[in-house]
Structures are given as C-alpha cells and as structure tokens.
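The structure under discussion appears below in the form of structure tokens.
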Amino acid sequence: MTSRRYAVLPAGRPAEFPPDARARIERILSRYPTKQAALLPVLWVAQETWGWISREAAEEVARILELSPAHVSGVLTFYTMYNLEPVGRHLLQFCTSISCHLAGAGGLLEHCRRRLGIDLGQTTADGRFTMVEVECIAGCDRAPSMMIDDAYHEPMDPSKLDALLESLP
Ligand code: FES
C-alpha cells in the first residue's frame with residue numbers, strides 16, 4: 001500500500017493543476033463528447049492532486065470545463081466520494097451499512113476511535129489518518145468491510161486493523 005502524497009494547495013489562491021494532472025485532464029477530455037460530461041473524472045483528478053477539493057480547486061475545474069461554479073458545487077455536495085475538507089495521508093473509510101453493521105462495524109469503529117483518539121471526520125494530530133463513515137462499498141459478503149485509501153480490507157477485525165495502522169507511514 002502506498003502513502004498518498006498530495007500537492008500543496010495554498011489557501012485563498014487560485015488553484016492551478018500541475019503539468020501531470022493537466023495532461024491527465026486532457027486525456028480525459030479527449031474521451032468525452034463534451035467538456036461538461038467529463039466533470040466527475042476531472043474532479044477525481046483534482047482530489048488525487050490535492051487530496052481534497054477546495055473552493056479554489058472547484059472553481060478551476062469549472063473554468064476548465066466551462067461550467068458555473070454553482071453547478072460544480074452542486075455535484076460535489078451530491079457525491080460523498082469527494083473530500084470537501086483536507087484529509088490525512090490515509091483515509092480510513094468504515095462501512096456502517098446494514099451488513100457491516102450486523103457483522104460488527106460499530107465495534108471496529110469504536111476500537112479505531114479509541115486507538116487513534118479521534119472521531120469520525122477528524123484527522124490525527126500527526127496528519128496520518130482521517131476517519132470517515134461511508135455507505136455500502138459493495139463488500140457485504142465479506143463484512144465488516146472497510147477501505148483504507150483505495151484498497152479494500154475485508155473482513156476486517158480490530159487486530160488486523162491494528163497491524164495495518166502500524167504498517168502505514
Ligand atoms: S454493507 Fe458494508 S459493504 Fe455493503
């Protein structure tokens with residue numbers, strides 16, 4: 001598992017995609033019939049670039065795709081996969097939907113809360129971990145399921161989680 005390293009996005013300054021992200025966006029645009037249709041993947045590039053999508057980043061996406069900032073904002077607040085606040089180097093995503101709930105997701109979550117000393121939506125003081133709750137991530141048959149960054153971990157239990165947390169930079 002790799003550690004996520006993000007470009008720094010200065011607060012209050014216009015966001016500018018670095019050249020590699022800009023090249024990705026150009027490739028994405030070449031596959032869509034209109035610029036506007038590429039909104040979701042371009043927002044994903046923004047999130048992978050900065051780790052989250054600030055107002056400035058959303059405005060830059062709107063400018064590139066010739067959309068209104070309000071339209072981009074509406075999409076951002078509809079889809080829960082976009083981070084609207086800064087996150088730690090590792091995003092711990094706990095599924096608490098019904099199958100995972102019945103398989104002990106609540107206890108797992110509580111274990112992690114105690115271990116890291118943070119609550120849902122918070123980031124550890126060292127910037128390593130952010131804990132969030134998510135809806136079903138399609139791992140119900142191996143519940144309780146969780147994702148750490150882009151990787152599934154299932155079925156998860158407190159000792160496996162401890163080992164993973166230890167191993168991550
Ligand atoms: S309910 Fe948790 S993965 Fe589906």
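By order in the structure tokens, chains are A, B, ...; within a chain, residues start at 1; ligands start at 1, following the order shown.
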
Per residue of chain A within 8 Å of ligand 1, what are the shortest atom pair and its distance in Å to one decimal, counting only C-alpha atoms and all ligand atoms, with rows by chain and residue number, as a tab-separated table?
```
residue	atom	partner	partner_atom_place_in_ligand_line	distance
A:Cys95	CA	ligand 1	2 (Fe)	4.7
A:Thr96	CA	ligand 1	2 (Fe)	5.9
A:Ser97	CA	ligand 1	1 (S)	4.2
A:Ile98	CA	ligand 1	1 (S)	5.0
A:Ser99	CA	ligand 1	1 (S)	4.1
A:Cys100	CA	ligand 1	2 (Fe)	4.2
A:His101	CA	ligand 1	1 (S)	7.1
A:Glu135	CA	ligand 1	2 (Fe)	6.9
A:Cys136	CA	ligand 1	4 (Fe)	3.8
A:Ile137	CA	ligand 1	3 (S)	4.3
A:Ala138	CA	ligand 1	3 (S)	4.4
A:Gly139	CA	ligand 1	3 (S)	3.8
A:Cys140	CA	ligand 1	4 (Fe)	3.7
A:Asp141	CA	ligand 1	3 (S)	7.4
A:Arg142	CA	ligand 1	3 (S)	7.5
A:Ala143	CA	ligand 1	2 (Fe)	5.9
A:Pro144	CA	ligand 1	2 (Fe)	6.1
A:Ser145	CA	ligand 1	3 (S)	5.3
A:Met146	CA	ligand 1	3 (S)	7.4
```

Could you pull the residues within 9 Å of A:Leu120, counting only C-alpha atoms, minus those fewer than 3 positions along the same chain, as a PDB file with N, CA and C atoms, in the first residue's frame?
```
ATOM      1  N   LEU A 109     -15.298   0.372  14.586  1.00  0.00           N
ATOM      2  CA  LEU A 109     -15.206   1.826  14.579  1.00  0.00           C
ATOM      3  C   LEU A 109     -14.797   2.345  15.961  1.00  0.00           C
ATOM      4  N   ARG A 113     -11.547   4.490  16.959  1.00  0.00           N
ATOM      5  CA  ARG A 113     -11.697   5.783  17.660  1.00  0.00           C
ATOM      6  C   ARG A 113     -10.783   5.839  18.878  1.00  0.00           C
ATOM      7  N   THR A 123      -8.966  14.181  11.883  1.00  0.00           N
ATOM      8  CA  THR A 123      -7.648  13.727  11.437  1.00  0.00           C
ATOM      9  C   THR A 123      -6.705  13.717  12.630  1.00  0.00           C
ATOM     10  N   THR A 130      -7.322   9.982   8.688  1.00  0.00           N
ATOM     11  CA  THR A 130      -8.640  10.603   8.816  1.00  0.00           C
ATOM     12  C   THR A 130      -9.658   9.468   8.824  1.00  0.00           C
ATOM     13  N   MET A 131     -10.608   9.541   9.764  1.00  0.00           N
ATOM     14  CA  MET A 131     -11.660   8.512   9.854  1.00  0.00           C
ATOM     15  C   MET A 131     -12.956   9.056   9.278  1.00  0.00           C
ATOM     16  N   VAL A 132     -13.569   8.270   8.388  1.00  0.00           N
ATOM     17  CA  VAL A 132     -14.890   8.651   7.888  1.00  0.00           C
ATOM     18  C   VAL A 132     -15.789   7.419   7.843  1.00  0.00           C
ATOM     19  N   GLU A 133     -17.079   7.698   7.871  1.00  0.00           N
ATOM     20  CA  GLU A 133     -18.095   6.652   7.757  1.00  0.00           C
ATOM     21  C   GLU A 133     -18.624   6.703   6.327  1.00  0.00           C
TER      22      GLU A 133
END
```

Inset, instruction - Going by DSSP on the backbone, which bits of chain A are alpha helix (DSSP H)? Write them as a PyMOL selection string, please. - result: chain A and resi 19-30+39-50+55-65+69-78+98-102+105-116+158-167

Inset, instruction - For A:Pro158, please output as a list of chain:residue names all residues within 9 Å (counting only C-alpha atoms; exclusion window: fewer than 3 positions along the same chain). - result: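 Skipping anything fewer than 3 positions along the chain leaves A:Gly107, A:Leu108, A:Leu109, A:His111, A:Cys112, A:Leu161, A:Asp162, A:Ala163.
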
Could you pull the residues within 8 Å of stretch 18-31 of chain A, counting only C-alpha atoms, minus those fewer than 2 positions along the same chain, as an mmCIF file with all heavy atoms, in the first residue's frame?
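Okay, this is what ended up in part_1.cif:
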```
data_model
loop_
_atom_site.group_PDB
_atom_site.id
_atom_site.type_symbol
_atom_site.label_atom_id
_atom_site.label_comp_id
_atom_site.auth_asym_id
_atom_site.auth_seq_id
_atom_site.Cartn_x
_atom_site.Cartn_y
_atom_site.Cartn_z
ATOM 1 N N GLU A 16 -4.060 25.761 -9.421
ATOM 2 C CA GLU A 16 -3.521 25.505 -10.757
ATOM 3 C C GLU A 16 -3.031 24.066 -10.793
ATOM 4 O O GLU A 16 -2.182 23.679 -9.983
ATOM 5 C CB GLU A 16 -2.375 26.470 -11.053
ATOM 6 C CG GLU A 16 -1.923 26.399 -12.481
ATOM 7 C CD GLU A 16 -0.852 27.450 -12.796
ATOM 8 O OE1 GLU A 16 -0.827 28.508 -12.130
ATOM 9 O OE2 GLU A 16 -0.036 27.173 -13.687
ATOM 10 N N PRO A 33 -17.662 13.424 -25.174
ATOM 11 C CA PRO A 33 -18.217 14.215 -26.288
ATOM 12 C C PRO A 33 -18.223 15.713 -25.997
ATOM 13 O O PRO A 33 -18.108 16.528 -26.909
ATOM 14 C CB PRO A 33 -19.648 13.682 -26.425
ATOM 15 C CG PRO A 33 -19.975 13.065 -25.099
ATOM 16 C CD PRO A 33 -18.673 12.558 -24.558
ATOM 17 N N THR A 34 -18.357 16.079 -24.728
ATOM 18 C CA THR A 34 -18.317 17.499 -24.360
ATOM 19 C C THR A 34 -17.448 17.642 -23.120
ATOM 20 O O THR A 34 -17.281 16.683 -22.348
ATOM 21 C CB THR A 34 -19.728 18.042 -24.016
ATOM 22 O OG1 THR A 34 -20.200 17.361 -22.843
ATOM 23 C CG2 THR A 34 -20.698 17.841 -25.176
ATOM 24 N N LYS A 35 -16.930 18.836 -22.912
ATOM 25 C CA LYS A 35 -16.130 19.092 -21.711
ATOM 26 C C LYS A 35 -16.961 18.855 -20.448
ATOM 27 O O LYS A 35 -16.496 18.291 -19.473
ATOM 28 C CB LYS A 35 -15.659 20.551 -21.693
ATOM 29 C CG LYS A 35 -14.508 20.867 -22.613
ATOM 30 C CD LYS A 35 -14.130 22.324 -22.420
ATOM 31 C CE LYS A 35 -12.812 22.626 -23.092
ATOM 32 N NZ LYS A 35 -12.390 23.999 -22.838
ATOM 33 N N ALA A 38 -17.264 15.503 -18.681
ATOM 34 C CA ALA A 38 -16.087 14.951 -18.010
ATOM 35 C C ALA A 38 -15.964 15.435 -16.565
ATOM 36 O O ALA A 38 -14.922 15.247 -15.936
ATOM 37 C CB ALA A 38 -14.832 15.334 -18.798
ATOM 38 N N PRO A 41 -14.797 12.654 -13.609
ATOM 39 C CA PRO A 41 -13.378 12.257 -13.609
ATOM 40 C C PRO A 41 -12.411 13.412 -13.421
ATOM 41 O O PRO A 41 -11.338 13.227 -12.828
ATOM 42 C CB PRO A 41 -13.192 11.565 -14.972
ATOM 43 C CG PRO A 41 -14.370 11.935 -15.793
ATOM 44 C CD PRO A 41 -15.489 12.239 -14.849
ATOM 45 N N VAL A 42 -12.768 14.590 -13.882
ATOM 46 C CA VAL A 42 -11.856 15.723 -13.684
ATOM 47 C C VAL A 42 -11.833 16.125 -12.205
ATOM 48 O O VAL A 42 -10.777 16.447 -11.647
ATOM 49 C CB VAL A 42 -12.243 16.904 -14.600
ATOM 50 C CG1 VAL A 42 -11.439 18.153 -14.254
ATOM 51 C CG2 VAL A 42 -12.013 16.524 -16.063
ATOM 52 N N VAL A 45 -9.478 13.824 -10.577
ATOM 53 C CA VAL A 45 -8.072 14.243 -10.764
ATOM 54 C C VAL A 45 -7.721 15.327 -9.737
ATOM 55 O O VAL A 45 -6.642 15.308 -9.135
ATOM 56 C CB VAL A 45 -7.827 14.761 -12.202
ATOM 57 C CG1 VAL A 45 -6.419 15.349 -12.323
ATOM 58 C CG2 VAL A 45 -8.020 13.641 -13.219
ATOM 59 N N ALA A 46 -8.655 16.248 -9.513
ATOM 60 C CA ALA A 46 -8.405 17.307 -8.517
ATOM 61 C C ALA A 46 -8.202 16.694 -7.135
ATOM 62 O O ALA A 46 -7.280 17.062 -6.399
ATOM 63 C CB ALA A 46 -9.581 18.288 -8.497
ATOM 64 N N THR A 49 -4.927 15.025 -6.877
ATOM 65 C CA THR A 49 -3.828 16.006 -6.897
ATOM 66 C C THR A 49 -3.633 16.639 -5.530
ATOM 67 O O THR A 49 -2.506 16.750 -5.031
ATOM 68 C CB THR A 49 -4.128 17.109 -7.934
ATOM 69 O OG1 THR A 49 -4.258 16.503 -9.218
ATOM 70 C CG2 THR A 49 -3.011 18.153 -7.955
#
```

Could you pull the residues within 10 Å of A:Gln47, counting only C-alpha atoms, minus those fewer than 3 positions along the same chain, as an mmCIF file with all heavy atoms, in the first residue's frame?
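And here is the file that came out, out02.cif:
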```cif
data_model
loop_
_atom_site.group_PDB
_atom_site.id
_atom_site.type_symbol
_atom_site.label_atom_id
_atom_site.label_comp_id
_atom_site.auth_asym_id
_atom_site.auth_seq_id
_atom_site.Cartn_x
_atom_site.Cartn_y
_atom_site.Cartn_z
ATOM 1 N N TYR A 6 0.263 14.549 -1.530
ATOM 2 C CA TYR A 6 -0.509 15.496 -2.308
ATOM 3 C C TYR A 6 0.288 16.765 -2.552
ATOM 4 O O TYR A 6 1.124 17.155 -1.756
ATOM 5 C CB TYR A 6 -1.802 15.852 -1.579
ATOM 6 C CG TYR A 6 -2.677 14.673 -1.328
ATOM 7 C CD1 TYR A 6 -3.062 14.331 -0.044
ATOM 8 C CD2 TYR A 6 -3.115 13.884 -2.393
ATOM 9 C CE1 TYR A 6 -3.879 13.238 0.190
ATOM 10 C CE2 TYR A 6 -3.933 12.792 -2.169
ATOM 11 C CZ TYR A 6 -4.304 12.475 -0.875
ATOM 12 O OH TYR A 6 -5.106 11.395 -0.652
ATOM 13 N N PRO A 41 -14.797 12.654 -13.609
ATOM 14 C CA PRO A 41 -13.378 12.257 -13.609
ATOM 15 C C PRO A 41 -12.411 13.412 -13.421
ATOM 16 O O PRO A 41 -11.338 13.227 -12.828
ATOM 17 C CB PRO A 41 -13.192 11.565 -14.972
ATOM 18 C CG PRO A 41 -14.370 11.935 -15.793
ATOM 19 C CD PRO A 41 -15.489 12.239 -14.849
ATOM 20 N N VAL A 42 -12.768 14.590 -13.882
ATOM 21 C CA VAL A 42 -11.856 15.723 -13.684
ATOM 22 C C VAL A 42 -11.833 16.125 -12.205
ATOM 23 O O VAL A 42 -10.777 16.447 -11.647
ATOM 24 C CB VAL A 42 -12.243 16.904 -14.600
ATOM 25 C CG1 VAL A 42 -11.439 18.153 -14.254
ATOM 26 C CG2 VAL A 42 -12.013 16.524 -16.063
ATOM 27 N N LEU A 43 -12.993 16.044 -11.555
ATOM 28 C CA LEU A 43 -12.989 16.290 -10.106
ATOM 29 C C LEU A 43 -12.134 15.251 -9.387
ATOM 30 O O LEU A 43 -11.461 15.543 -8.397
ATOM 31 C CB LEU A 43 -14.420 16.260 -9.557
ATOM 32 C CG LEU A 43 -15.276 17.491 -9.875
ATOM 33 C CD1 LEU A 43 -16.714 17.256 -9.441
ATOM 34 C CD2 LEU A 43 -14.713 18.743 -9.206
ATOM 35 N N TRP A 44 -12.161 14.036 -9.900
ATOM 36 C CA TRP A 44 -11.338 12.981 -9.277
ATOM 37 C C TRP A 44 -9.856 13.304 -9.429
ATOM 38 O O TRP A 44 -9.052 13.081 -8.511
ATOM 39 C CB TRP A 44 -11.686 11.613 -9.890
ATOM 40 C CG TRP A 44 -11.157 10.499 -9.071
ATOM 41 C CD1 TRP A 44 -10.114 9.688 -9.360
ATOM 42 C CD2 TRP A 44 -11.633 10.091 -7.770
ATOM 43 N NE1 TRP A 44 -9.899 8.801 -8.333
ATOM 44 C CE2 TRP A 44 -10.814 9.028 -7.350
ATOM 45 C CE3 TRP A 44 -12.651 10.535 -6.937
ATOM 46 C CZ2 TRP A 44 -10.988 8.389 -6.120
ATOM 47 C CZ3 TRP A 44 -12.834 9.909 -5.709
ATOM 48 C CH2 TRP A 44 -12.009 8.854 -5.329
ATOM 49 N N TRP A 50 -4.733 17.065 -4.914
ATOM 50 C CA TRP A 50 -4.619 17.838 -3.669
ATOM 51 C C TRP A 50 -5.140 17.105 -2.446
ATOM 52 O O TRP A 50 -5.031 17.606 -1.325
ATOM 53 C CB TRP A 50 -5.347 19.176 -3.829
ATOM 54 C CG TRP A 50 -4.670 20.084 -4.817
ATOM 55 C CD1 TRP A 50 -3.403 20.602 -4.723
ATOM 56 C CD2 TRP A 50 -5.199 20.571 -6.054
ATOM 57 N NE1 TRP A 50 -3.122 21.384 -5.824
ATOM 58 C CE2 TRP A 50 -4.209 21.384 -6.655
ATOM 59 C CE3 TRP A 50 -6.425 20.405 -6.719
ATOM 60 C CZ2 TRP A 50 -4.388 22.025 -7.888
ATOM 61 C CZ3 TRP A 50 -6.606 21.049 -7.935
ATOM 62 C CH2 TRP A 50 -5.602 21.841 -8.498
ATOM 63 N N GLY A 51 -5.741 15.937 -2.648
ATOM 64 C CA GLY A 51 -6.262 15.166 -1.514
ATOM 65 C C GLY A 51 -7.678 15.555 -1.142
ATOM 66 O O GLY A 51 -8.371 14.817 -0.476
ATOM 67 N N TRP A 52 -8.083 16.731 -1.542
ATOM 68 C CA TRP A 52 -9.439 17.204 -1.279
ATOM 69 C C TRP A 52 -9.754 18.276 -2.306
ATOM 70 O O TRP A 52 -8.873 18.688 -3.080
ATOM 71 C CB TRP A 52 -9.544 17.766 0.139
ATOM 72 C CG TRP A 52 -8.736 18.996 0.415
ATOM 73 C CD1 TRP A 52 -7.358 19.107 0.391
ATOM 74 C CD2 TRP A 52 -9.238 20.296 0.733
ATOM 75 N NE1 TRP A 52 -6.993 20.388 0.703
ATOM 76 C CE2 TRP A 52 -8.118 21.146 0.917
ATOM 77 C CE3 TRP A 52 -10.507 20.826 0.909
ATOM 78 C CZ2 TRP A 52 -8.242 22.492 1.259
ATOM 79 C CZ3 TRP A 52 -10.635 22.169 1.252
ATOM 80 C CH2 TRP A 52 -9.503 22.976 1.426
ATOM 81 N N ILE A 53 -10.987 18.715 -2.326
ATOM 82 C CA ILE A 53 -11.386 19.690 -3.339
ATOM 83 C C ILE A 53 -11.824 20.965 -2.641
ATOM 84 O O ILE A 53 -12.906 21.047 -2.059
ATOM 85 C CB ILE A 53 -12.484 19.116 -4.252
ATOM 86 C CG1 ILE A 53 -11.957 17.830 -4.919
ATOM 87 C CG2 ILE A 53 -12.876 20.148 -5.309
ATOM 88 C CD1 ILE A 53 -12.933 17.145 -5.818
ATOM 89 N N SER A 54 -10.949 21.932 -2.689
ATOM 90 C CA SER A 54 -11.220 23.238 -2.082
ATOM 91 C C SER A 54 -12.129 24.043 -3.007
ATOM 92 O O SER A 54 -12.340 23.689 -4.173
ATOM 93 C CB SER A 54 -9.906 23.990 -1.892
ATOM 94 O OG SER A 54 -9.343 24.255 -3.169
ATOM 95 N N ALA A 57 -10.122 24.910 -6.007
ATOM 96 C CA ALA A 57 -9.965 23.802 -6.962
ATOM 97 C C ALA A 57 -11.259 23.610 -7.754
ATOM 98 O O ALA A 57 -11.225 23.376 -8.974
ATOM 99 C CB ALA A 57 -9.601 22.519 -6.214
ATOM 100 N N ALA A 58 -12.393 23.686 -7.070
ATOM 101 C CA ALA A 58 -13.680 23.537 -7.760
ATOM 102 C C ALA A 58 -13.856 24.645 -8.799
ATOM 103 O O ALA A 58 -14.353 24.408 -9.909
ATOM 104 C CB ALA A 58 -14.814 23.571 -6.737
ATOM 105 N N MET A 81 -18.055 10.732 -2.383
ATOM 106 C CA MET A 81 -16.663 10.275 -2.572
ATOM 107 C C MET A 81 -15.675 11.438 -2.657
ATOM 108 O O MET A 81 -14.463 11.219 -2.615
ATOM 109 C CB MET A 81 -16.565 9.432 -3.840
ATOM 110 C CG MET A 81 -16.853 10.201 -5.093
ATOM 111 S SD MET A 81 -17.325 9.083 -6.394
ATOM 112 C CE MET A 81 -17.455 10.188 -7.791
ATOM 113 N N TYR A 82 -16.175 12.642 -2.781
ATOM 114 C CA TYR A 82 -15.261 13.785 -2.848
ATOM 115 C C TYR A 82 -15.044 14.365 -1.453
ATOM 116 O O TYR A 82 -15.997 14.581 -0.705
ATOM 117 C CB TYR A 82 -15.821 14.856 -3.784
ATOM 118 C CG TYR A 82 -15.957 14.369 -5.212
ATOM 119 C CD1 TYR A 82 -17.208 14.236 -5.799
ATOM 120 C CD2 TYR A 82 -14.834 14.019 -5.955
ATOM 121 C CE1 TYR A 82 -17.334 13.769 -7.105
ATOM 122 C CE2 TYR A 82 -14.951 13.551 -7.258
ATOM 123 C CZ TYR A 82 -16.206 13.433 -7.820
ATOM 124 O OH TYR A 82 -16.323 12.964 -9.105
ATOM 125 N N ASN A 83 -13.790 14.608 -1.128
ATOM 126 C CA ASN A 83 -13.450 15.194 0.174
ATOM 127 C C ASN A 83 -13.538 16.710 0.074
ATOM 128 O O ASN A 83 -12.813 17.324 -0.711
ATOM 129 C CB ASN A 83 -12.031 14.802 0.594
ATOM 130 C CG ASN A 83 -11.853 13.299 0.655
ATOM 131 O OD1 ASN A 83 -12.753 12.590 1.083
ATOM 132 N ND2 ASN A 83 -10.701 12.814 0.209
ATOM 133 N N LEU A 84 -14.385 17.293 0.893
ATOM 134 C CA LEU A 84 -14.554 18.744 0.850
ATOM 135 C C LEU A 84 -13.751 19.436 1.951
ATOM 136 O O LEU A 84 -13.837 20.652 2.120
ATOM 137 C CB LEU A 84 -16.039 19.106 0.947
ATOM 138 C CG LEU A 84 -16.905 18.455 -0.143
ATOM 139 C CD1 LEU A 84 -18.335 18.934 -0.054
ATOM 140 C CD2 LEU A 84 -16.341 18.713 -1.536
ATOM 141 N N PRO A 86 -9.691 19.048 4.022
ATOM 142 C CA PRO A 86 -8.404 18.342 3.934
ATOM 143 C C PRO A 86 -8.457 17.020 4.707
ATOM 144 O O PRO A 86 -9.152 16.930 5.728
ATOM 145 C CB PRO A 86 -7.423 19.322 4.599
ATOM 146 C CG PRO A 86 -8.077 20.651 4.513
ATOM 147 C CD PRO A 86 -9.552 20.392 4.593
#
```

Inset, instruction - Using only C-alpha atoms, determine which residues lie at most 8 Å from A:Gly127, disregarding the query and same-chain residues fewer than 5 positions distant; provide the list as a PyMOL selection string. - result: chain A and resi 87-89

Export of the given selection (N, CA and C atoms) as an mmCIF file, in the first residue's frame:
```cif
data_model
loop_
_atom_site.group_PDB
_atom_site.id
_atom_site.type_symbol
_atom_site.label_atom_id
_atom_site.label_comp_id
_atom_site.auth_asym_id
_atom_site.auth_seq_id
_atom_site.Cartn_x
_atom_site.Cartn_y
_atom_site.Cartn_z
ATOM 1 N N VAL A 87 -7.754 16.026 4.217
ATOM 2 C CA VAL A 87 -7.708 14.724 4.892
ATOM 3 C C VAL A 87 -6.263 14.347 5.174
ATOM 4 N N GLY A 88 -6.088 13.349 6.049
ATOM 5 C CA GLY A 88 -4.753 12.880 6.388
ATOM 6 C C GLY A 88 -4.138 12.076 5.245
ATOM 7 N N ARG A 89 -2.915 11.573 5.488
ATOM 8 C CA ARG A 89 -2.246 10.801 4.439
ATOM 9 C C ARG A 89 -3.019 9.535 4.118
#
```

Inset, instruction - In Å, rounded to a single decimal, give me how far atom CA of A:Gly117 is from atom CA of A:Phe78. - result: 29.3 Å

Please give the complete set of residues from chain A that DSSP, run on the backbone, assigns to strand (DSSP E), formatted as a JSON list (two decimals) with N, CA, C and O atoms, in the first residue's frame.
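Saved as states21.json:
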```
[["chain", "number", "residue", "atom", "x", "y", "z"],
["A", 90, "HIS", "N", -3.76, 9.02, 5.08],
["A", 90, "HIS", "CA", -4.54, 7.80, 4.84],
["A", 90, "HIS", "C", -5.99, 8.04, 5.27],
["A", 90, "HIS", "O", -6.25, 8.51, 6.38],
["A", 91, "LEU", "N", -6.88, 7.66, 4.37],
["A", 91, "LEU", "CA", -8.30, 7.85, 4.63],
["A", 91, "LEU", "C", -8.90, 6.50, 5.04],
["A", 91, "LEU", "O", -8.91, 5.55, 4.25],
["A", 92, "LEU", "N", -9.35, 6.42, 6.30],
["A", 92, "LEU", "CA", -9.94, 5.18, 6.82],
["A", 92, "LEU", "C", -11.44, 5.28, 6.64],
["A", 92, "LEU", "O", -12.10, 6.09, 7.30],
["A", 93, "GLN", "N", -11.98, 4.45, 5.77],
["A", 93, "GLN", "CA", -13.41, 4.54, 5.42],
["A", 93, "GLN", "C", -14.14, 3.32, 5.97],
["A", 93, "GLN", "O", -13.93, 2.20, 5.48],
["A", 94, "PHE", "N", -14.96, 3.55, 6.97],
["A", 94, "PHE", "CA", -15.68, 2.47, 7.62],
["A", 94, "PHE", "C", -17.09, 2.37, 7.07],
["A", 94, "PHE", "O", -17.86, 3.33, 7.16],
["A", 95, "CYS", "N", -17.42, 1.21, 6.53],
["A", 95, "CYS", "CA", -18.81, 0.99, 6.10],
["A", 95, "CYS", "C", -19.63, 0.61, 7.33],
["A", 95, "CYS", "O", -19.26, -0.29, 8.08],
["A", 129, "PHE", "N", -3.90, 9.94, 9.70],
["A", 129, "PHE", "CA", -5.17, 9.26, 9.46],
["A", 129, "PHE", "C", -6.37, 10.19, 9.60],
["A", 129, "PHE", "O", -6.42, 11.01, 10.53],
["A", 130, "THR", "N", -7.32, 9.98, 8.69],
["A", 130, "THR", "CA", -8.64, 10.60, 8.82],
["A", 130, "THR", "C", -9.66, 9.47, 8.82],
["A", 130, "THR", "O", -9.56, 8.54, 8.02],
["A", 131, "MET", "N", -10.61, 9.54, 9.76],
["A", 131, "MET", "CA", -11.66, 8.51, 9.85],
["A", 131, "MET", "C", -12.96, 9.06, 9.28],
["A", 131, "MET", "O", -13.39, 10.14, 9.65],
["A", 132, "VAL", "N", -13.57, 8.27, 8.39],
["A", 132, "VAL", "CA", -14.89, 8.65, 7.89],
["A", 132, "VAL", "C", -15.79, 7.42, 7.84],
["A", 132, "VAL", "O", -15.32, 6.28, 7.79],
["A", 133, "GLU", "N", -17.08, 7.70, 7.87],
["A", 133, "GLU", "CA", -18.09, 6.65, 7.76],
["A", 133, "GLU", "C", -18.62, 6.70, 6.33],
["A", 133, "GLU", "O", -18.85, 7.79, 5.81],
["A", 134, "VAL", "N", -18.81, 5.53, 5.72],
["A", 134, "VAL", "CA", -19.32, 5.51, 4.35],
["A", 134, "VAL", "C", -20.49, 4.54, 4.25],
["A", 134, "VAL", "O", -20.65, 3.64, 5.09],
["A", 146, "MET", "N", -14.04, -2.39, 5.04],
["A", 146, "MET", "CA", -13.59, -1.00, 5.08],
["A", 146, "MET", "C", -12.60, -0.78, 3.96],
["A", 146, "MET", "O", -12.08, -1.74, 3.37],
["A", 147, "MET", "N", -12.36, 0.48, 3.66],
["A", 147, "MET", "CA", -11.32, 0.83, 2.69],
["A", 147, "MET", "C", -10.31, 1.73, 3.38],
["A", 147, "MET", "O", -10.68, 2.60, 4.19],
["A", 148, "ILE", "N", -9.06, 1.47, 3.08],
["A", 148, "ILE", "CA", -8.01, 2.39, 3.51],
["A", 148, "ILE", "C", -7.41, 2.93, 2.23],
["A", 148, "ILE", "O", -6.88, 2.17, 1.41],
["A", 151, "ALA", "N", -7.80, 0.86, -1.20],
["A", 151, "ALA", "CA", -7.76, -0.60, -1.07],
["A", 151, "ALA", "C", -8.84, -1.12, -0.12],
["A", 151, "ALA", "O", -9.07, -0.53, 0.94],
["A", 152, "TYR", "N", -9.47, -2.21, -0.53],
["A", 152, "TYR", "CA", -10.45, -2.87, 0.33],
["A", 152, "TYR", "C", -9.74, -3.73, 1.38],
["A", 152, "TYR", "O", -8.73, -4.35, 1.08],
["A", 153, "HIS", "N", -10.33, -3.79, 2.56],
["A", 153, "HIS", "CA", -9.83, -4.68, 3.62],
["A", 153, "HIS", "C", -11.05, -5.35, 4.24],
["A", 153, "HIS", "O", -11.87, -4.68, 4.87]]
```

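Nearest residue to A:Gln122, choosing from A:Glu85, A:Glu166, A:Glu56, A:Glu48 and counting only C-alpha atoms: A:Glu85.
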
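Interatomic distance, atom CA of A:Glu110 against atom CA of A:Leu165: 14.7 Å.
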